[in-house]
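A.B. asks: Pasting a structure here, questions to come.
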Amino acid sequence: MNRQLERLNCVPAFEEHLKNKDMAYTDVCSIMQVNMGSLCNQACKHCHVEGGPNRTDAVMSKEVLQACLDVFRENDCLETIDITGGAPEMNPNFEWFLREACQICGHVIVRCNLTILTEKKYAHLAEVYRDLNVEVFSSLPYYREKDTDRQRGSGVFEKSIQVLHRLNELGYGRDGKHVLNLVYNPGGAFLPPAQGAIEEEFRKKLKKDFDVDFTNLFAITNNPVGRFGDFLERSENLEGYMNTLFGAYNPGAEEGMMCRFQISVKWDGGLYDCDFNQAAGLPMEGGLTIFDLLGKKIEKRHIALANHCYGCTAGQGSSCGGATE
């Protein structure tokens, strides 16, 4: 086991702790999550894929992107293409892939950090999202400038509000058709509050202070891998945080774990059960790549599990779509 995961072994093994052992297997797969690379215009402190402006080493090629499209076409079980990064918009083949994806898939998600749309090269993508009716997931750590900028960098909050205004003007979060979801991550080594409560708080504050509307807010637990895991270790909070996750283990969240209904494709084509497994270097059973699935059906598999999975089963549960219970 790599060091990223080995350092989390201060609590009992996750798979042995599962209340329902059948949850370690899945034959359901409705989402293909495509991580287009770690290249990003931001370098957030909590980023599990360690994205940043210098990550030109990790950018998905057009060959891999084409294989993703081909595998999606060949598997009727797949219903959603979930595009993430880094800032996926910075991949040179992003717009081509987005348009191709929307032709074969009725539900396409883009995970946008908002500030990328303030850059001249990418600003037009807001209209592209509207025209293609793409569902937008946008990270906004908090509804106050100080808290957001502390986690994501100076000036991020102001730019984020600017882009949210633009998306609202295009109908996102307002017209009942274009879905704009916000994503909340805690600013430290603690669990997020109840999703419904924090959503209501965000909705009132953003409307009152900035006249910003959104569709849903999803609360996601910080996973102890990548930069956040390194921060926990440096600050000597890793063991305490793992014990917090372990102590808040919720069997009711097992069934909603995202690894049970998605495959995650890394920039190099490697397959993983979820984006956190990508970050932790824990590949899908058999070490498969997207090319291994060409001409084949996605089959039942044993999910690769480790102690970072406690992050998805603590409290209300956590996934790329927020709380799972």
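Residues in the structure tokens are named by chain (A, B, ... in the order shown) and by number from 1 within that chain; ligands are numbered from 1 in the order shown.
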With only C-alpha atoms as the counted atoms, please give the residues lying no more than 6 Å from stretch 212-215 of chain A, apart from itself and same-chain residues fewer than 6 positions off, as a compact mmCIF listing (two decimals) with C-alpha atoms, in the first residue's frame.

C.D. replies:
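Output below, filename around-v1.txt:
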# COMPACT_ATOMS: atom_id res chain seq x y z
CA GLY A 173 -30.24 28.92 -10.91
CA VAL A 179 -29.08 23.85 -13.01
CA LEU A 180 -26.42 25.63 -10.94
CA ASN A 181 -25.19 23.70 -7.91
CA LEU A 206 -25.91 35.07 -1.04

A.B. asks: Pick out each residue of stretch 87-302 of chain A that DSSP on the backbone tags as strand (DSSP E or B); I need them as an NGL selection string.

C.D. replies: :A and (107-112 or 135-139 or 180-184 or 216-219 or 249 or 262-265 or 270-272 or 289 or 301-302)

A.B. asks: Considering only C-alpha atoms, tabulate each residue of stretch 190-297 of chain A that lies at most 12 Å from stretch 79-94 of chain A along with its nearest interatomic pair and the corresponding distance in Å to one decimal; arrange the rows by chain and ascending residue number and present them as a tab-separated table.

C.D. replies:
residue	atom	partner	partner_atom	distance
A:Phe261	CA	A:Glu79	CA	10.6
A:Gln262	CA	A:Thr80	CA	9.2
A:Ile263	CA	A:Asp82	CA	10.1
A:Ser264	CA	A:Asp82	CA	9.1
A:Val265	CA	A:Ile83	CA	9.8
A:Lys266	CA	A:Gly85	CA	9.4
A:Trp267	CA	A:Gly85	CA	8.8
A:Cys274	CA	A:Asp82	CA	11.6
A:Asp275	CA	A:Thr84	CA	9.3
A:Gln278	CA	A:Gly85	CA	11.5
A:Ala279	CA	A:Gly85	CA	11.4

A.B. asks: When you look at A:Tyr272 with a cut-off of 12 Å (counting only C-alpha atoms), what residues show up, excluding the ones that are within fewer than 4 positions of it in the same chain? I need them as a VMD selection string.

C.D. replies: chain A and resid 32 to 35 258 to 268 276 to 290 301 to 305

A.B. asks: Residues near A:Cys47, anyone? I mean within 7 Å using only C-alpha atoms, not counting same-chain ones fewer than 4 positions away, as a list of chain:residue names.

C.D. replies: A:Gly51, A:Gly226, A:Arg227, A:Phe228

A.B. asks: Give me, as an MDAnalysis selection string, all polymer residues having an atom no more than 9 Å from A:Asn133, counting only C-alpha atoms and skipping those fewer than 5 positions away in the same chain.

C.D. replies: chainID A and resid 102 107:108 128 177:179

A.B. asks: Write the residues of the selection above to a file with N, CA and C atoms, as a PDB file, in the first residue's frame.

C.D. replies:
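Result saved to out.pdb:
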ATOM      1  N   CYS A 102     -22.348  15.930 -25.139  1.00  0.00           N
ATOM      2  CA  CYS A 102     -23.743  16.356 -25.128  1.00  0.00           C
ATOM      3  C   CYS A 102     -24.544  15.748 -26.272  1.00  0.00           C
ATOM      4  N   HIS A 107     -27.372  13.890 -19.919  1.00  0.00           N
ATOM      5  CA  HIS A 107     -27.064  14.535 -18.636  1.00  0.00           C
ATOM      6  C   HIS A 107     -25.552  14.695 -18.515  1.00  0.00           C
ATOM      7  N   VAL A 108     -25.080  15.892 -18.805  1.00  0.00           N
ATOM      8  CA  VAL A 108     -23.648  16.195 -18.721  1.00  0.00           C
ATOM      9  C   VAL A 108     -23.424  17.223 -17.623  1.00  0.00           C
ATOM     10  N   VAL A 128     -21.696  28.705 -23.755  1.00  0.00           N
ATOM     11  CA  VAL A 128     -21.689  27.327 -24.263  1.00  0.00           C
ATOM     12  C   VAL A 128     -22.437  26.416 -23.303  1.00  0.00           C
ATOM     13  N   LYS A 177     -34.591  25.682 -15.594  1.00  0.00           N
ATOM     14  CA  LYS A 177     -34.079  24.763 -16.613  1.00  0.00           C
ATOM     15  C   LYS A 177     -32.589  24.532 -16.466  1.00  0.00           C
ATOM     16  N   HIS A 178     -31.846  25.596 -16.245  1.00  0.00           N
ATOM     17  CA  HIS A 178     -30.383  25.499 -16.164  1.00  0.00           C
ATOM     18  C   HIS A 178     -29.958  25.360 -14.699  1.00  0.00           C
ATOM     19  N   VAL A 179     -29.370  24.214 -14.395  1.00  0.00           N
ATOM     20  CA  VAL A 179     -29.077  23.848 -13.006  1.00  0.00           C
ATOM     21  C   VAL A 179     -27.693  24.356 -12.593  1.00  0.00           C
TER      22      VAL A 179
END

A.B. asks: What does the distance from atom CA of A:Ala67 to atom CA of A:Phe137 come to in Å, to one decimal?

C.D. replies: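 Atom CA of A:Phe137 lies at a distance of 24.2 Å from atom CA of A:Ala67.
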
A.B. asks: Using only C-alpha atoms, which protein or nucleic acid residues come within 9 Å of A:Phe97? Drop anything in the same chain fewer than 5 positions from it, and give the result as a list in words.

C.D. replies: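 Those residues are Lys62, Leu65, Gln66, Leu69 and Cys102 of chain A.
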